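First the structure, in the form of structure tokens, and then the observations on it.
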Amino acid sequence: MSDHESVELLLVEDNSRDAEVTIRSLKKHHLANRVVHVKDGQQALEWLFGQGEHAGRDRTSKPKVVLLDLKLPKVSGLEVLQAIRANEQTQFLPIVVLTSSQEEKDVIESYRLGVNSYIVKPGDFENFSAAVAAAGHYWLLVNHEPK
Amino acid sequence: MTTTPHRSTVPRIAGHPSAEEALHRTAALLRQTEAISRVGGWEYVVATNHLVWSEEVYRIHEVALDFDANDVTQAINFHQGESRQRIDLAFRRAVERGEPFDLELELLTAKGRKIWVRAIGRAEVSNGQVMRVYGNLADITERKLAEESLRVSTKEVFDLKAALDEHAIVAITDPQGKITFVNDKFCAISQYSRSELLGQDHRLINSGHHSKAFIRDLWRTISRGKVWHGEIKNKAKDGTFYWVDTTIVPFLHDDGKPRQYVAIRADITERKQAEVELLRLAILVKSSDDAIIGKTLDGIITAWNPGAERIFGYSAAEAIGRSMLVLFPPERIAEEATILAQIARGENVQHYETELVRRDGTRIDTSVTLSGITGGDGRIIGAVKIARDISERKRADREIHRLNSELEQRVRDRTAQLEVANKELEAFSFSVSHDLRAPLRAIDSFSRMLVEDNGPQLDAEGRRLLDVVCAEAKRMGKLIDDLLAFSRIGRQRMEDSDIDMTELARATFTDVTRTQSNVPRLELTALPPIHGDRSMLRQVWFNLLANAVKFSGKQAQPVIAITGSAADGTAAYSVTDNGAGFDQKFAGKLFGVFQRLHSEEEFEGTGVGLALVQRIIHRHGGTVAATGKLHGGAAFQFTLPKSINEKT
């Protein structure tokens, strides 16, 4: 997490196992060179807005995508999403929800708050790895976002 | 013409003193007879134009015996007016034609008294010549006066009778009770004609109202010659009844036996009806549960029924004469003046609810109605106040209100509890889906990563063991998914739409068999359409068809038949397969969560599918059933109401 300047993907995930599999999959597909992993919603916002622990961080450097879990300690994923969209500097930041929740209300609420993609974590290793790889590939390499 | 007193005309017969004496005696006897009977004699001799009076004639004319009566004209002149003309004419005819006469005439005596006389005249005729006219003169004044008096009294009786007939119902009955006379009013009120009544007795109009004793007393009274008075109810010809105030006066023979009974009656039917009406009203007032109170326009109590005693606790004696204000609570005293003013203006006050005060000071809820009482001249002189005790109703109202709000509060509490429970359940579901799955994913992922990174170092048994770990983790994940789906179905809001069940069943079958190698033959007939939640009913078809496919998968030629029918507002569907089937005695267990009739080795599954089917169908207000035979296939039926009535 030291290489702030070159961060391309922010992973917000409290489950270290899921985080490990996610990063392993990204690495395997050479997509994890500049990944920052934070473990709760508060850390995510502090990192993004250069506050608290991350005060002084160059906020002009934005990741290309945020992989956001919904069920997070302290500040929930939906609150993080809402805060990102509410801020002028981060309002267009691509956000992909990566969650175990298939609850329709979570899906709807995420889209209402302006999520770019919603992925339900597959229960098995192969599909989970594949989903993470596909999302990373798409948002880091294929997608074009506003500067 | 000379006049000689009659006496002097008696001849004397010489030499016959006894004869003379006898003659004298006869003359004296005649004089006495004349005086007693007041009849005199007279004679007129035509040839001599000589008129002779007997002594009594002098007395009748009230002239002295030396009065010169020889002038006929003078004698006639004692009569006046019509009497004079009549005697003049009659006398002349007697003299000229020999006609007799007999007249009753008025006569003015010499003393100026008017008397009545009867003058009888006869003519003596000889050879066609009237020789003389003679006759008598009787003083009939007494008889005439008696006649006149009788005439006057008879007239009075007739007048009285006419007046009585105008006023009263009159009948006369003989001692045997037979009607001998009825007046018009009797006929009118009884509706019988006179001919129908005469000769009948009073049983004809007997109403049957009176007791035998009453009738007996009546007859006993009048047959003893006493007047009977009473009120009798009679029956008219048309069967209607009328009341008559009756007086029966018995008239007796000299021997004291009844001669006839005169009954005079007055029609009192209206009064009797009014009496009955009043009696009924009095009973109503007395027996009313409501307080019925009379008061003057000054608010002084004038009447107080038992209802009022019961409701307010004052006896009639205590209440009458007091002011109505004793019934008013202090804060409502002013109301009474307003109400009395309204009544005085002729307005009625209907059903207003107010609190009044009892004798013991407690208060009572009442519904009050007031109306004016008018006096004989039509002016309002007081009011009737009817107060109904509605404290029971008020208490009930308050109780209902209290129960209602209690119930509402309980519903609110229960709803809040349910909302909390729902929220907890949602949180639980979320945490199950999130937290329970994460470790499973980790188990699978890390096992796979071990194989990826260190696969070559593991022997076949080591890899098999890891595969088991992964398979069990996967199965656990599936269980969690199904359980979540089951829980979601119960909470999910139903979205109704018209559904083509034939199309939905066919499309779902296609989905179910997409990855299937041994696709069963589908026999699908047209299914009745239904109104329901499309995604839920798709789940029903999916689970039933997936089951059918799964359990018929080991058949050489699997067949799945889908049929449907509709009747009485209910649609019925069935899915039949020729697969493994089940023992019918376990049919009841099929729809329980996690209930399975086959081992995981035989047929994989979590045991949630049919429970989910049942839950969806029940939410639609339908029913599910299963029939099967071990190794003989299974059939699942479900029904749905045409118009759904959601159940949770």
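Identifiers in the structure tokens: chain A, B, ... in order shown; residue index from 1 per chain; ligand index from 1 in order shown.
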
Restrict the distance test to only C-alpha atoms, flag each residue of chain B within 12 Å of chain A, and return the flagged residues as a ChimeraX atom specification. /B:426-453,469-481,484-485,487-489,491-493

Write the selection just made, keeping C-alpha atoms, as a compact mmCIF listing (two decimals), in the first residue's frame?
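Once written, selection-v1.txt looks like this:
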```txt
# COMPACT_ATOMS: atom_id res chain seq x y z
CA GLU B 426 -33.63 -10.19 7.12
CA ALA B 427 -30.49 -9.48 9.06
CA PHE B 428 -30.21 -13.16 9.83
CA SER B 429 -30.67 -14.08 6.18
CA PHE B 430 -28.09 -11.57 5.14
CA SER B 431 -25.66 -12.81 7.65
CA VAL B 432 -26.33 -16.44 6.65
CA SER B 433 -25.84 -15.64 3.00
CA HIS B 434 -22.77 -13.56 3.65
CA ASP B 435 -21.02 -15.01 6.64
CA LEU B 436 -21.89 -18.68 6.23
CA ARG B 437 -20.90 -18.78 2.61
CA ALA B 438 -17.61 -16.98 3.01
CA PRO B 439 -15.93 -19.81 4.99
CA LEU B 440 -17.23 -22.39 2.51
CA ARG B 441 -15.83 -20.37 -0.33
CA ALA B 442 -12.56 -20.17 1.58
CA ILE B 443 -12.55 -23.97 2.15
CA ASP B 444 -13.13 -24.58 -1.53
CA SER B 445 -10.73 -21.87 -2.68
CA PHE B 446 -7.88 -22.86 -0.40
CA SER B 447 -8.31 -26.56 -1.22
CA ARG B 448 -8.14 -25.66 -4.90
CA MET B 449 -5.17 -23.41 -4.32
CA LEU B 450 -3.44 -26.29 -2.51
CA VAL B 451 -4.09 -28.50 -5.53
CA GLU B 452 -2.92 -25.75 -7.91
CA ASP B 453 0.23 -24.96 -5.95
CA VAL B 469 -13.69 -31.37 1.12
CA CYS B 470 -14.58 -29.29 -1.95
CA ALA B 471 -17.72 -31.30 -2.77
CA GLU B 472 -19.02 -31.02 0.78
CA ALA B 473 -18.29 -27.30 0.83
CA LYS B 474 -20.15 -26.96 -2.44
CA ARG B 475 -23.11 -28.96 -1.09
CA MET B 476 -23.16 -26.81 1.99
CA GLY B 477 -23.29 -23.75 -0.26
CA LYS B 478 -26.20 -25.21 -2.16
CA LEU B 479 -28.08 -25.90 1.07
CA ILE B 480 -27.54 -22.33 2.13
CA ASP B 481 -28.73 -21.03 -1.24
CA LEU B 484 -32.24 -18.55 1.55
CA ALA B 485 -34.53 -18.96 -1.43
CA SER B 487 -36.92 -17.87 3.34
CA ARG B 488 -37.10 -15.22 0.60
CA ILE B 489 -40.29 -16.72 -0.88
CA ARG B 491 -41.14 -12.58 2.67
CA GLN B 492 -41.19 -11.56 -0.94
CA ARG B 493 -44.04 -9.27 -2.07
```

Might you pull out every residue within 6 Å of Val575 (chain B), with only C-alpha atoms counted and same-chain residues fewer than 6 positions away left off, and present them as a list in words? Ala561, Ile562, Ala635 and Phe636 of chain B

Store the residues picked out above, limited to N, CA and C atoms, as a tab-separated table (two decimals), in the first residue's frame.
```tsv
chain	number	residue	atom	x	y	z
B	561	ALA	N	-45.35	-35.90	-18.16
B	561	ALA	CA	-46.65	-35.42	-18.67
B	561	ALA	C	-47.12	-34.25	-17.81
B	562	ILE	N	-47.53	-33.21	-18.49
B	562	ILE	CA	-48.10	-32.05	-17.77
B	562	ILE	C	-49.53	-31.87	-18.23
B	635	ALA	N	-46.56	-38.44	-9.24
B	635	ALA	CA	-47.40	-37.38	-9.81
B	635	ALA	C	-47.57	-36.30	-8.75
B	636	PHE	N	-47.31	-35.06	-9.17
B	636	PHE	CA	-47.51	-33.93	-8.26
B	636	PHE	C	-48.64	-33.06	-8.80
```

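The space between CA of Phe551 (chain B) and CA of Gly579 (chain B) spans 5.0 Å.
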
| task | Apply DSSP to the backbone of this structure and, from region 321-513 of chain B, keep only the residues in helix (DSSP H, G or I); write these as number ranges by chain. | result | B: 324-327, 330-344, 391-457, 460-491, 501-512

- Leu65 (chain B) surroundings by only C-alpha atoms, 9 Å radius, close-in-sequence under 3 positions cut, as a list in words: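 Using only C-alpha atoms, the neighbours found are Pro5, Glu55, Tyr58, Arg59 and Asp68 of chain B.
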
Kindly export the residues of the current selection with C-alpha atoms, as a PDB file, in the first residue's frame.
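After the write, selection_15.pdb holds the following:
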```
ATOM      1  CA  PRO B   5    -190.226  35.474  33.871  1.00  0.00           C
ATOM      2  CA  GLU B  55    -183.936  31.735  35.254  1.00  0.00           C
ATOM      3  CA  TYR B  58    -180.546  35.138  33.181  1.00  0.00           C
ATOM      4  CA  ARG B  59    -177.836  33.925  35.505  1.00  0.00           C
ATOM      5  CA  ASP B  68    -186.030  42.579  29.526  1.00  0.00           C
TER       6      ASP B  68
END
```

Expressed in Å, the length from CA of Gly40 (chain B) to CA of Ala138 (chain B) is 6.2 Å

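Residues surrounding region 565-567 of chain B within 9 Å are Ala526, Leu527, Pro528, Thr563, Gly569, Thr570, Ala571, Ala572, Tyr573 and Lys642 of chain B [only C-alpha atoms; sequence separation below 2 positions excluded].
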
* Asked: When you draw a straight line from CA of Tyr352 (chain B) to CA of Tyr314 (chain B), how long is it in Å?
  ->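 It comes out at 22.5 Å.
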
Run DSSP on the backbone and give me the residues of region 6-147 of chain A it puts in strand (DSSP E), as a PyMOL selection string.
chain A and resi 9-12+35-38+65-68+95-99+117-120
